[in-house]
Amino acid sequence: MPIPEKLNRPFLCYTGIETDLIFNQGIELPGFATFPLLETEEGRSLLKKSYMAQVTLAREMGCGVMFESATWVANRDRAAKLGYGPNRLEQINIDAIQFIRELSDNVGDVPIVLSAQVGPRGDGYKPDHHMDGYKPDHHMDDEEAQLYHSVQMAHLAKAKPDIVSAFTISYPEEAIGIVRAAEHSKLPVAISFTVETDGLLPTGMPLGEALDAVDAATDQYAEYFLINCAHPEHFLPNLNDGPWIERLAGVVVNASRCSHAELDNATELDDGDPKELGTYLGLIKNTYPHMHIFGGCCGADMRHMREIAKAVS
């Protein structure tokens, strides 16, 4: 069954585990990477606790769950900085999907989508930012992006997730490359863009233009699009009734109103107002009833997810 047809109810999507682990639980995550947690019993226990909390909430609220794998930064450049070579990285990507599949198989009564999470090659907030191993100091064109992301995509394909979800993407050329790489590996794929406080992509492009550009270049291969890593106040004024809005399947929002630059430099967690965040997402659900994926990103924890679930279910 195509993924959009499975989304016959609200699905909860939680991508805020990194800030929760770092600021609330005191867990160190070098490189903002959660995939090393898969290599220890303690780490796997932390991940399992998060996934099962989502299941418990979804069961209570009559929702489904997107199980997002711990692979957002499990690509060549970002993993190399943590000492992971190609073979070890391939196994990590496979293990991450097997891990969520085993958890899902033991649930049974809650609809779960196994989502292989991928992220940008470099800094999702600064598409022109130079990284070690990332030779050009400007963003990639679509061909380079496809070549780069095809490696991780091939690894994930071996584990057969339900869908690949690319989060915190900041410019359309990288999104196009990701979609093409997924198509080459015969994987369903979704693209989630991030926006700044003005509702525009970090490059200054309007969100609708980015969605249209990706669809035009890929013959609409992406299953759907999302917005993530932004507070609702940042993007709500820019949502409109253009045709592109129908391709937007949901939002995964920051608890904080801070800009990305402020979040990058934060030494304390800004967790915002959970109830207010839920109210915002309830408004979005009522205004755009075709949307079915809702959740929390930076600064969000299970308090926010509970308010979101109550508001959209």
# chains A, B, ... in the order shown; residues from 1 in each chain; ligands from 1
$ select_by_dssp --residues "segment 43-265 of chain A" --states "helix (DSSP H, G or I)" --output "count of residues only"
104
$ closest_atom_pairs --of "segment 208-264 of chain A" --to "segment 8-12 of chain A" --cutoff "12 Å" --atoms "only C-alpha atoms" --output "tab-separated table"
residue	atom	partner	partner_atom	distance
A:Ala249	CA	A:Phe11	CA	10.4
A:Gly250	CA	A:Phe11	CA	9.3
A:Val251	CA	A:Leu12	CA	10.0
A:Val252	CA	A:Leu12	CA	8.9
A:Val253	CA	A:Leu12	CA	11.6
$ closest_residue --among "A:Ser150, A:Thr287, A:Asn238, A:Asn254" --to "Gly177 of chain A" --atoms "only C-alpha atoms"
A:Ser150
$ residues_around --residues "Tyr221 of chain A" --least-positions-apart "6" --cutoff "8 Å" --atoms "only C-alpha atoms" --output "ChimeraX atom specification"
/A:179,183,189,215
$ closest_atom_pairs --of "segment 47-67 of chain A" --to "segment 14-31 of chain A" --cutoff "10 Å" --atoms "only C-alpha atoms" --output "tab-separated table"
residue	atom	partner	partner_atom	distance
A:Leu47	CA	A:Ile17	CA	8.6
A:Ser50	CA	A:Ile17	CA	7.6
A:Tyr51	CA	A:Tyr14	CA	8.9
A:Gln54	CA	A:Tyr14	CA	8.0
A:Val65	CA	A:Tyr14	CA	8.7
A:Met66	CA	A:Tyr14	CA	7.6
A:Phe67	CA	A:Tyr14	CA	8.0
$ residues_around --residues "Ala181 of chain A" --least-positions-apart "2" --cutoff "10 Å" --atoms "only C-alpha atoms" --output "PDB file with N, CA and C atoms, in the first residue's frame"
ATOM      1  N   GLU A 143      23.012  16.916  -9.312  1.00  0.00           N
ATOM      2  CA  GLU A 143      23.769  15.731  -9.692  1.00  0.00           C
ATOM      3  C   GLU A 143      24.748  15.317  -8.603  1.00  0.00           C
ATOM      4  N   ALA A 145      24.460  16.034  -5.457  1.00  0.00           N
ATOM      5  CA  ALA A 145      23.656  15.592  -4.319  1.00  0.00           C
ATOM      6  C   ALA A 145      23.184  14.155  -4.513  1.00  0.00           C
ATOM      7  N   GLN A 146      22.772  13.819  -5.725  1.00  0.00           N
ATOM      8  CA  GLN A 146      22.344  12.447  -5.988  1.00  0.00           C
ATOM      9  C   GLN A 146      23.496  11.471  -5.780  1.00  0.00           C
ATOM     10  N   LEU A 147      24.659  11.814  -6.302  1.00  0.00           N
ATOM     11  CA  LEU A 147      25.822  10.949  -6.167  1.00  0.00           C
ATOM     12  C   LEU A 147      26.182  10.767  -4.695  1.00  0.00           C
ATOM     13  N   TYR A 148      26.151  11.852  -3.950  1.00  0.00           N
ATOM     14  CA  TYR A 148      26.521  11.774  -2.535  1.00  0.00           C
ATOM     15  C   TYR A 148      25.530  10.924  -1.749  1.00  0.00           C
ATOM     16  N   HIS A 149      24.257  11.212  -1.857  1.00  0.00           N
ATOM     17  CA  HIS A 149      23.251  10.537  -1.035  1.00  0.00           C
ATOM     18  C   HIS A 149      22.946   9.119  -1.504  1.00  0.00           C
ATOM     19  N   SER A 150      23.363   8.766  -2.703  1.00  0.00           N
ATOM     20  CA  SER A 150      23.093   7.415  -3.202  1.00  0.00           C
ATOM     21  C   SER A 150      23.794   6.350  -2.358  1.00  0.00           C
ATOM     22  N   VAL A 151      24.897   6.713  -1.713  1.00  0.00           N
ATOM     23  CA  VAL A 151      25.623   5.736  -0.890  1.00  0.00           C
ATOM     24  C   VAL A 151      24.781   5.320   0.311  1.00  0.00           C
ATOM     25  N   GLN A 152      24.317   6.291   1.088  1.00  0.00           N
ATOM     26  CA  GLN A 152      23.474   5.956   2.233  1.00  0.00           C
ATOM     27  C   GLN A 152      22.173   5.315   1.782  1.00  0.00           C
ATOM     28  N   MET A 153      21.639   5.773   0.669  1.00  0.00           N
ATOM     29  CA  MET A 153      20.378   5.220   0.175  1.00  0.00           C
ATOM     30  C   MET A 153      20.531   3.736  -0.153  1.00  0.00           C
ATOM     31  N   ALA A 154      21.661   3.356  -0.752  1.00  0.00           N
ATOM     32  CA  ALA A 154      21.901   1.949  -1.070  1.00  0.00           C
ATOM     33  C   ALA A 154      22.005   1.113   0.203  1.00  0.00           C
ATOM     34  N   ALA A 175      17.529  18.360  -2.183  1.00  0.00           N
ATOM     35  CA  ALA A 175      16.306  17.559  -2.134  1.00  0.00           C
ATOM     36  C   ALA A 175      16.113  16.763  -3.424  1.00  0.00           C
ATOM     37  N   ILE A 176      16.363  17.389  -4.550  1.00  0.00           N
ATOM     38  CA  ILE A 176      16.232  16.706  -5.839  1.00  0.00           C
ATOM     39  C   ILE A 176      17.192  15.516  -5.905  1.00  0.00           C
ATOM     40  N   GLY A 177      18.429  15.741  -5.470  1.00  0.00           N
ATOM     41  CA  GLY A 177      19.397  14.650  -5.463  1.00  0.00           C
ATOM     42  C   GLY A 177      18.979  13.502  -4.568  1.00  0.00           C
ATOM     43  N   ILE A 178      18.425  13.818  -3.397  1.00  0.00           N
ATOM     44  CA  ILE A 178      17.949  12.781  -2.480  1.00  0.00           C
ATOM     45  C   ILE A 178      16.818  11.987  -3.101  1.00  0.00           C
ATOM     46  N   VAL A 179      15.867  12.681  -3.712  1.00  0.00           N
ATOM     47  CA  VAL A 179      14.731  11.996  -4.334  1.00  0.00           C
ATOM     48  C   VAL A 179      15.212  11.076  -5.453  1.00  0.00           C
ATOM     49  N   GLU A 183      14.871   7.021  -5.680  1.00  0.00           N
ATOM     50  CA  GLU A 183      14.221   6.364  -6.816  1.00  0.00           C
ATOM     51  C   GLU A 183      15.144   5.308  -7.421  1.00  0.00           C
ATOM     52  N   HIS A 184      16.437   5.642  -7.530  1.00  0.00           N
ATOM     53  CA  HIS A 184      17.397   4.683  -8.081  1.00  0.00           C
ATOM     54  C   HIS A 184      17.469   3.418  -7.225  1.00  0.00           C
ATOM     55  N   SER A 185      17.315   3.575  -5.902  1.00  0.00           N
ATOM     56  CA  SER A 185      17.335   2.426  -4.991  1.00  0.00           C
ATOM     57  C   SER A 185      15.948   1.840  -4.772  1.00  0.00           C
ATOM     58  N   LYS A 186      14.963   2.337  -5.547  1.00  0.00           N
ATOM     59  CA  LYS A 186      13.585   1.830  -5.484  1.00  0.00           C
ATOM     60  C   LYS A 186      12.984   1.970  -4.084  1.00  0.00           C
ATOM     61  N   LEU A 187      13.232   3.134  -3.468  1.00  0.00           N
ATOM     62  CA  LEU A 187      12.706   3.425  -2.141  1.00  0.00           C
ATOM     63  C   LEU A 187      11.708   4.582  -2.193  1.00  0.00           C
ATOM     64  N   VAL A 189      10.171   7.966  -0.781  1.00  0.00           N
ATOM     65  CA  VAL A 189      10.917   9.027  -0.106  1.00  0.00           C
ATOM     66  C   VAL A 189      10.028  10.225   0.166  1.00  0.00           C
TER      67      VAL A 189
END
$ residues_around --residues "segment 194-204 of chain A" --least-positions-apart "4" --cutoff "9 Å" --atoms "only C-alpha atoms" --output "list in words"
Gly124, Tyr125, Lys126, Pro127, Asp128, Phe167, Thr168, Ile169, Ser170, Tyr171, Ala210, Leu226, Ile227, Asn228, Cys229, Ala230, His231, Glu233, His234, Phe235, Leu236, Pro237, Asn238, Leu239, Arg257, Cys258, Ser259 and His260 of chain A
$ atom_distance --atom1 "atom CA of Met61 of chain A" --atom2 "atom CA of Cys298 of chain A"
22.6 Å
$ atom_distance --atom1 "atom CA of Val118 of chain A" --atom2 "atom CA of Asp271 of chain A"
24.3 Å
$ closest_residue --among "A:Gly85, A:Pro289, A:Gly64, A:Pro36" --to "Cys13 of chain A" --atoms "only C-alpha atoms"
A:Gly64
$ residues_around --residues "Glu90 of chain A" --least-positions-apart "6" --cutoff "12 Å" --atoms "only C-alpha atoms" --output "MDAnalysis selection string"
chainID A and resid 35 71 74:76 79 84 96:97 151:159
$ residues_around --residues "Met52 of chain A" --least-positions-apart "6" --cutoff "10 Å" --atoms "only C-alpha atoms" --output "JSON, numbers by chain"
{"A": [58, 67, 103, 104, 107]}
$ atom_distance --atom1 "atom CA of Glu68 of chain A" --atom2 "atom CA of Leu114 of chain A"
6.7 Å
$ select_by_dssp --residues "segment 56-118 of chain A" --states "strand (DSSP E or B)" --output "number ranges by chain"
A: 64-68, 112-118
$ closest_residue --among "A:Ala190, A:Ile92, A:Leu46, A:Leu7" --to "Ile293 of chain A" --atoms "only C-alpha atoms"
A:Leu7
$ closest_residue --among "A:Arg247, A:Ala33, A:Gly122, A:Gln91" --to "Ala222 of chain A" --atoms "only C-alpha atoms"
A:Arg247
$ closest_residue --among "A:Ala166, A:Lys160, A:Ala216, A:Asp142" --to "Arg180 of chain A" --atoms "only C-alpha atoms"
A:Asp142
$ closest_residue --among "A:Gln98, A:Gly242, A:Ala261, A:Glu173" --to "Thr218 of chain A" --atoms "only C-alpha atoms"
A:Glu173
$ decode --residues "segment 151-168 of chain A" --atoms "N, CA and C atoms" --output "mmCIF file, in the first residue's frame"
data_model
loop_
_atom_site.group_PDB
_atom_site.id
_atom_site.type_symbol
_atom_site.label_atom_id
_atom_site.label_comp_id
_atom_site.auth_asym_id
_atom_site.auth_seq_id
_atom_site.Cartn_x
_atom_site.Cartn_y
_atom_site.Cartn_z
ATOM 1 N N VAL A 151 24.897 6.713 -1.713
ATOM 2 C CA VAL A 151 25.623 5.736 -0.890
ATOM 3 C C VAL A 151 24.781 5.320 0.311
ATOM 4 N N GLN A 152 24.317 6.291 1.088
ATOM 5 C CA GLN A 152 23.474 5.956 2.233
ATOM 6 C C GLN A 152 22.173 5.315 1.782
ATOM 7 N N MET A 153 21.639 5.773 0.669
ATOM 8 C CA MET A 153 20.378 5.220 0.175
ATOM 9 C C MET A 153 20.531 3.736 -0.153
ATOM 10 N N ALA A 154 21.661 3.356 -0.752
ATOM 11 C CA ALA A 154 21.901 1.949 -1.070
ATOM 12 C C ALA A 154 22.005 1.113 0.203
ATOM 13 N N HIS A 155 22.627 1.672 1.244
ATOM 14 C CA HIS A 155 22.711 0.957 2.522
ATOM 15 C C HIS A 155 21.315 0.731 3.095
ATOM 16 N N LEU A 156 20.513 1.779 3.106
ATOM 17 C CA LEU A 156 19.171 1.680 3.684
ATOM 18 C C LEU A 156 18.287 0.723 2.898
ATOM 19 N N ALA A 157 18.471 0.681 1.593
ATOM 20 C CA ALA A 157 17.653 -0.187 0.748
ATOM 21 C C ALA A 157 17.797 -1.656 1.140
ATOM 22 N N LYS A 158 18.970 -2.009 1.650
ATOM 23 C CA LYS A 158 19.189 -3.400 2.056
ATOM 24 C C LYS A 158 18.317 -3.785 3.242
ATOM 25 N N ALA A 159 17.915 -2.797 4.033
ATOM 26 C CA ALA A 159 17.099 -3.055 5.222
ATOM 27 C C ALA A 159 15.605 -2.895 4.953
ATOM 28 N N LYS A 160 15.253 -2.379 3.777
ATOM 29 C CA LYS A 160 13.855 -2.276 3.336
ATOM 30 C C LYS A 160 12.944 -1.523 4.317
ATOM 31 N N PRO A 161 13.203 -0.243 4.579
ATOM 32 C CA PRO A 161 12.270 0.553 5.382
ATOM 33 C C PRO A 161 10.993 0.830 4.584
ATOM 34 N N ASP A 162 9.965 1.297 5.269
ATOM 35 C CA ASP A 162 8.732 1.662 4.564
ATOM 36 C C ASP A 162 8.938 2.906 3.707
ATOM 37 N N ILE A 163 9.757 3.831 4.199
ATOM 38 C CA ILE A 163 9.996 5.078 3.488
ATOM 39 C C ILE A 163 11.305 5.682 3.989
ATOM 40 N N VAL A 164 11.946 6.471 3.152
ATOM 41 C CA VAL A 164 13.079 7.292 3.569
ATOM 42 C C VAL A 164 12.563 8.712 3.774
ATOM 43 N N SER A 165 12.889 9.307 4.922
ATOM 44 C CA SER A 165 12.445 10.666 5.216
ATOM 45 C C SER A 165 13.668 11.555 5.396
ATOM 46 N N ALA A 166 13.810 12.523 4.510
ATOM 47 C CA ALA A 166 14.946 13.449 4.561
ATOM 48 C C ALA A 166 14.521 14.700 5.318
ATOM 49 N N PHE A 167 15.128 14.922 6.483
ATOM 50 C CA PHE A 167 14.735 16.036 7.342
ATOM 51 C C PHE A 167 15.763 17.156 7.317
ATOM 52 N N THR A 168 15.257 18.356 7.591
ATOM 53 C CA THR A 168 16.068 19.569 7.720
ATOM 54 C C THR A 168 16.848 19.850 6.445
#
